[in-house]
$ cat structure-v3.cif   # mmCIF, C-alpha atoms
data_my_file
loop_
_atom_site.label_atom_id
_atom_site.label_comp_id
_atom_site.auth_asym_id
_atom_site.auth_seq_id
_atom_site.Cartn_x
_atom_site.Cartn_y
_atom_site.Cartn_z
CA MET M 1 -81.07 175.73 199.34
CA ASN M 2 -80.80 178.16 202.25
CA LYS M 3 -78.16 177.21 204.79
CA VAL M 4 -77.72 180.34 206.92
CA SER M 5 -78.14 178.33 210.13
CA LEU M 6 -75.46 175.81 209.18
CA LYS M 7 -73.07 178.60 208.24
CA TYR M 8 -73.42 180.17 211.68
CA ILE M 9 -73.24 176.84 213.51
CA GLU M 10 -69.84 176.31 211.91
CA ILE M 11 -68.72 179.84 212.77
CA ALA M 12 -69.89 179.39 216.37
CA ALA M 13 -68.10 176.05 216.62
CA ASP M 14 -64.88 177.54 215.26
CA LYS M 15 -64.98 180.60 217.53
CA SER M 16 -66.11 178.83 220.70
CA GLY M 17 -64.50 175.42 220.33
CA LEU M 18 -67.87 173.84 221.14
CA SER M 19 -69.19 170.72 219.44
CA HIS M 20 -72.42 170.79 217.46
CA TYR M 21 -74.00 168.83 220.33
CA ALA M 22 -72.97 171.49 222.88
CA ILE M 23 -74.14 174.30 220.59
CA ALA M 24 -77.51 172.59 220.16
CA LYS M 25 -77.96 172.45 223.93
CA LYS M 26 -76.92 176.10 224.38
CA ILE M 27 -79.34 177.40 221.72
CA GLY M 28 -82.27 175.29 222.90
CA VAL M 29 -82.58 172.74 220.11
CA THR M 30 -81.84 169.05 219.93
CA PRO M 31 -78.78 167.58 218.25
CA GLN M 32 -81.23 165.88 215.89
CA GLN M 33 -82.52 169.28 214.80
CA ILE M 34 -78.95 170.37 214.01
CA ASN M 35 -78.50 167.20 211.97
CA ALA M 36 -81.79 167.84 210.15
CA LEU M 37 -80.43 171.24 209.02
CA LYS M 38 -77.81 169.36 207.01
CA HIS M 39 -80.31 167.18 205.17
CA ARG M 40 -83.44 169.30 204.74
CA ASP M 41 -84.16 172.82 203.55
CA ILE M 42 -84.99 174.20 206.98
CA GLU M 43 -83.57 176.93 209.18
CA LEU M 44 -83.38 177.58 212.89
CA LYS M 45 -86.12 179.70 214.42
CA ASP M 46 -85.18 183.30 215.16
CA ASP M 47 -84.71 182.84 218.91
CA ALA M 48 -82.24 179.98 218.39
CA LEU M 49 -80.46 181.97 215.68
CA ILE M 50 -80.07 184.91 218.07
CA ARG M 51 -78.51 182.64 220.71
CA LEU M 52 -76.27 181.16 218.02
CA ALA M 53 -75.11 184.65 217.01
CA GLN M 54 -74.23 185.36 220.63
CA ILE M 55 -72.08 182.20 220.82
CA ALA M 56 -70.41 183.20 217.55
CA GLN M 57 -69.86 186.72 218.94
CA LEU M 58 -71.72 188.25 215.99
CA ASN M 59 -74.39 190.90 215.78
CA PRO M 60 -77.69 189.02 216.14
CA LEU M 61 -79.57 191.44 213.90
CA GLU M 62 -77.16 190.92 211.02
CA VAL M 63 -77.51 187.15 211.35
CA LEU M 64 -81.32 187.39 211.46
CA ALA M 65 -81.34 189.77 208.52
CA GLU M 66 -79.26 187.39 206.40
CA LYS M 67 -81.76 184.58 207.05
CA HIS M 68 -84.77 186.78 206.28
CA ILE M 69 -83.22 188.32 203.17
CA GLN M 70 -82.57 184.86 201.74
CA ASN M 71 -86.10 183.75 202.59
CA ALA M 72 -87.79 186.98 201.44
CA LYS M 73 -90.85 186.60 199.24
CA GLY M 74 -90.06 189.77 197.31
CA ASN M 75 -87.72 192.69 196.89
CA ALA M 76 -89.58 194.89 199.38
CA GLU M 77 -89.21 192.34 202.17
CA ALA M 78 -85.52 191.80 201.38
CA ALA M 79 -84.95 195.57 201.29
CA PHE M 80 -86.67 195.95 204.67
CA TRP M 81 -84.30 193.44 206.30
CA ALA M 82 -81.25 194.91 204.57
CA THR M 83 -82.14 198.40 205.82
CA LEU M 84 -82.87 197.11 209.31
CA ALA M 85 -79.51 195.30 209.47
CA LYS M 86 -77.72 198.57 208.67
CA SER M 87 -79.62 200.57 211.29
CA LYS M 88 -77.53 201.32 214.38
CA ALA M 89 -80.66 202.10 216.40
CA ALA M 90 -82.20 198.74 215.52
CA LYS M 91 -78.98 196.90 216.41
CA ASP M 92 -78.75 198.70 219.75
CA SER M 93 -82.43 198.02 220.51
CA LEU M 94 -82.14 194.33 219.74
CA ILE M 95 -79.00 193.96 221.81
CA ASP M 96 -80.65 195.82 224.72
CA CYS M 97 -83.66 193.48 224.44
CA ILE M 98 -81.45 190.40 224.47
CA LEU M 99 -79.53 191.58 227.52
CA CYS M 100 -82.63 192.38 229.60
#
$ encode --input "structure-v3.cif" --output "structure tokens"
Amino acid sequence: MNKVSLKYIEIAADKSGLSHYAIAKKIGVTPQQINALKHRDIELKDDALIRLAQIAQLNPLEVLAEKHIQNAKGNAEAAFWATLAKSKAAKDSLIDCILC
């Protein structure tokens, strides 16, 4: 069972001191959706995961890559995300996009 979202919710809560309820509001999901992550094999959508990475003060691309690597349908897709996560240009581009 893939729980990348839950892992980063806990990291964000620890680093920010925010409750799961407050995190849910900040990333644009409902508290019920956060609760559903605990009980079903689902993940946050990429936009919410990017906002979560920002709260956790982590590189959004690395967080996204971890989710996509775990959900990859094959080795080629996993390798693509792993390579992208290591790319400084991709990280800089994503961060520039987020900040604009």
$ atom_distance --input "structure-v3.cif" --atom1 "atom CA of M:Thr83" --atom2 "atom CA of M:Ile50"
18.3 Å
$ resolve_selection --input "structure-v3.cif" --expression "the PyMOL selection byres ((chain M and resi 61-73) around 8)" --output "list in words"
Asn2, Val4, Ser5, Asp46, Leu49, Ile50, Ala53, Leu58, Asn59, Pro60, Gly74, Asn75, Glu77, Ala78, Ala79, Trp81, Ala82, Leu84, Ala85, Ala90, Lys91 and Leu94 of chain M
$ axis_aligned_box --input "structure-v3.cif" --around "stretch 45-61 of chain M" --padding-each-side "8 Å" --output "lines of an AutoDock Vina configuration file"
center_x = -78.0
center_y = 185.6
center_z = 217.4
size_x = 32.3
size_y = 27.7
size_z = 22.9
$ atom_distance --input "structure-v3.cif" --atom1 "atom CA of M:Lys38" --atom2 "atom CA of M:Tyr8"
12.6 Å
$ closest_residue --input "structure-v3.cif" --among "M:Lys7, M:Asp41, M:Asp47, M:Asn35" --to "M:His20" --atoms "all atoms listed in the file"
M:Asn35
$ atom_distance --input "structure-v3.cif" --atom1 "atom CA of M:Gly28" --atom2 "atom CA of M:Ala48"
6.5 Å
$ residues_around --input "structure-v3.cif" --residues "M:Ala56" --least-positions-apart "3" --cutoff "7 Å" --atoms "all atoms listed in the file" --output "ChimeraX atom specification"
/M:11-12,15-16,52-53
$ closest_residue --input "structure-v3.cif" --among "M:Ser19, M:Ser87, M:Ile55, M:Phe80" --to "M:Ile34" --atoms "only C-alpha atoms"
M:Ser19
$ decode --input "structure-v3.cif" --residues "stretch 60-88 of chain M" --atoms "N, CA and C atoms" --output "PDB file, in the first residue's frame"
ATOM      1  N   PRO M  60       9.621  20.091  -3.823  1.00  0.00           N
ATOM      2  CA  PRO M  60       8.389  19.514  -4.360  1.00  0.00           C
ATOM      3  C   PRO M  60       8.617  18.426  -5.414  1.00  0.00           C
ATOM      4  N   LEU M  61       9.648  18.595  -6.232  1.00  0.00           N
ATOM      5  CA  LEU M  61       9.904  17.607  -7.275  1.00  0.00           C
ATOM      6  C   LEU M  61      10.308  16.263  -6.684  1.00  0.00           C
ATOM      7  N   GLU M  62      11.082  16.279  -5.626  1.00  0.00           N
ATOM      8  CA  GLU M  62      11.483  15.018  -4.994  1.00  0.00           C
ATOM      9  C   GLU M  62      10.284  14.305  -4.372  1.00  0.00           C
ATOM     10  N   VAL M  63       9.373  15.081  -3.794  1.00  0.00           N
ATOM     11  CA  VAL M  63       8.158  14.503  -3.210  1.00  0.00           C
ATOM     12  C   VAL M  63       7.284  13.912  -4.317  1.00  0.00           C
ATOM     13  N   LEU M  64       7.078  14.673  -5.392  1.00  0.00           N
ATOM     14  CA  LEU M  64       6.293  14.159  -6.524  1.00  0.00           C
ATOM     15  C   LEU M  64       6.929  12.912  -7.119  1.00  0.00           C
ATOM     16  N   ALA M  65       8.232  12.955  -7.275  1.00  0.00           N
ATOM     17  CA  ALA M  65       8.933  11.810  -7.869  1.00  0.00           C
ATOM     18  C   ALA M  65       8.747  10.564  -7.022  1.00  0.00           C
ATOM     19  N   GLU M  66       8.826  10.698  -5.708  1.00  0.00           N
ATOM     20  CA  GLU M  66       8.645   9.530  -4.845  1.00  0.00           C
ATOM     21  C   GLU M  66       7.266   8.901  -5.063  1.00  0.00           C
ATOM     22  N   LYS M  67       6.242   9.748  -5.140  1.00  0.00           N
ATOM     23  CA  LYS M  67       4.881   9.246  -5.386  1.00  0.00           C
ATOM     24  C   LYS M  67       4.812   8.516  -6.727  1.00  0.00           C
ATOM     25  N   HIS M  68       5.351   9.140  -7.763  1.00  0.00           N
ATOM     26  CA  HIS M  68       5.241   8.561  -9.105  1.00  0.00           C
ATOM     27  C   HIS M  68       6.120   7.325  -9.284  1.00  0.00           C
ATOM     28  N   ILE M  69       7.241   7.280  -8.609  1.00  0.00           N
ATOM     29  CA  ILE M  69       8.082   6.080  -8.676  1.00  0.00           C
ATOM     30  C   ILE M  69       7.344   4.905  -8.049  1.00  0.00           C
ATOM     31  N   GLN M  70       6.715   5.135  -6.910  1.00  0.00           N
ATOM     32  CA  GLN M  70       5.990   4.048  -6.247  1.00  0.00           C
ATOM     33  C   GLN M  70       4.765   3.600  -7.028  1.00  0.00           C
ATOM     34  N   ASN M  71       4.176   4.509  -7.807  1.00  0.00           N
ATOM     35  CA  ASN M  71       2.991   4.179  -8.583  1.00  0.00           C
ATOM     36  C   ASN M  71       3.304   3.808 -10.034  1.00  0.00           C
ATOM     37  N   ALA M  72       4.578   3.773 -10.392  1.00  0.00           N
ATOM     38  CA  ALA M  72       4.985   3.521 -11.778  1.00  0.00           C
ATOM     39  C   ALA M  72       4.493   2.165 -12.261  1.00  0.00           C
ATOM     40  N   LYS M  73       4.080   2.139 -13.519  1.00  0.00           N
ATOM     41  CA  LYS M  73       3.589   0.910 -14.140  1.00  0.00           C
ATOM     42  C   LYS M  73       4.727   0.034 -14.657  1.00  0.00           C
ATOM     43  N   GLY M  74       5.914   0.588 -14.741  1.00  0.00           N
ATOM     44  CA  GLY M  74       7.050  -0.183 -15.235  1.00  0.00           C
ATOM     45  C   GLY M  74       8.361   0.498 -14.887  1.00  0.00           C
ATOM     46  N   ASN M  75       9.440  -0.189 -15.212  1.00  0.00           N
ATOM     47  CA  ASN M  75      10.771   0.326 -14.894  1.00  0.00           C
ATOM     48  C   ASN M  75      11.089   1.624 -15.617  1.00  0.00           C
ATOM     49  N   ALA M  76      10.633   1.754 -16.864  1.00  0.00           N
ATOM     50  CA  ALA M  76      10.935   2.957 -17.632  1.00  0.00           C
ATOM     51  C   ALA M  76      10.295   4.192 -16.992  1.00  0.00           C
ATOM     52  N   GLU M  77       9.068   4.050 -16.548  1.00  0.00           N
ATOM     53  CA  GLU M  77       8.385   5.178 -15.904  1.00  0.00           C
ATOM     54  C   GLU M  77       9.060   5.536 -14.577  1.00  0.00           C
ATOM     55  N   ALA M  78       9.419   4.537 -13.798  1.00  0.00           N
ATOM     56  CA  ALA M  78      10.112   4.777 -12.534  1.00  0.00           C
ATOM     57  C   ALA M  78      11.463   5.443 -12.784  1.00  0.00           C
ATOM     58  N   ALA M  79      12.183   4.981 -13.789  1.00  0.00           N
ATOM     59  CA  ALA M  79      13.489   5.556 -14.121  1.00  0.00           C
ATOM     60  C   ALA M  79      13.348   7.014 -14.565  1.00  0.00           C
ATOM     61  N   PHE M  80      12.295   7.315 -15.323  1.00  0.00           N
ATOM     62  CA  PHE M  80      12.045   8.688 -15.748  1.00  0.00           C
ATOM     63  C   PHE M  80      11.919   9.611 -14.537  1.00  0.00           C
ATOM     64  N   TRP M  81      11.077   9.219 -13.566  1.00  0.00           N
ATOM     65  CA  TRP M  81      10.874  10.052 -12.379  1.00  0.00           C
ATOM     66  C   TRP M  81      12.127  10.145 -11.530  1.00  0.00           C
ATOM     67  N   ALA M  82      12.880   9.062 -11.433  1.00  0.00           N
ATOM     68  CA  ALA M  82      14.121   9.079 -10.650  1.00  0.00           C
ATOM     69  C   ALA M  82      15.128  10.037 -11.278  1.00  0.00           C
ATOM     70  N   THR M  83      15.234  10.010 -12.595  1.00  0.00           N
ATOM     71  CA  THR M  83      16.151  10.907 -13.304  1.00  0.00           C
ATOM     72  C   THR M  83      15.695  12.356 -13.156  1.00  0.00           C
ATOM     73  N   LEU M  84      14.403  12.572 -13.295  1.00  0.00           N
ATOM     74  CA  LEU M  84      13.859  13.927 -13.175  1.00  0.00           C
ATOM     75  C   LEU M  84      14.109  14.496 -11.782  1.00  0.00           C
ATOM     76  N   ALA M  85      13.950  13.678 -10.754  1.00  0.00           N
ATOM     77  CA  ALA M  85      14.153  14.134  -9.379  1.00  0.00           C
ATOM     78  C   ALA M  85      15.595  14.556  -9.127  1.00  0.00           C
ATOM     79  N   LYS M  86      16.530  13.957  -9.854  1.00  0.00           N
ATOM     80  CA  LYS M  86      17.950  14.282  -9.679  1.00  0.00           C
ATOM     81  C   LYS M  86      18.397  15.472 -10.518  1.00  0.00           C
ATOM     82  N   SER M  87      17.548  15.930 -11.420  1.00  0.00           N
ATOM     83  CA  SER M  87      17.901  16.992 -12.348  1.00  0.00           C
ATOM     84  C   SER M  87      17.774  18.367 -11.690  1.00  0.00           C
ATOM     85  N   LYS M  88      18.884  19.074 -11.576  1.00  0.00           N
ATOM     86  CA  LYS M  88      18.861  20.415 -10.990  1.00  0.00           C
ATOM     87  C   LYS M  88      18.018  21.357 -11.839  1.00  0.00           C
TER      88      LYS M  88
END
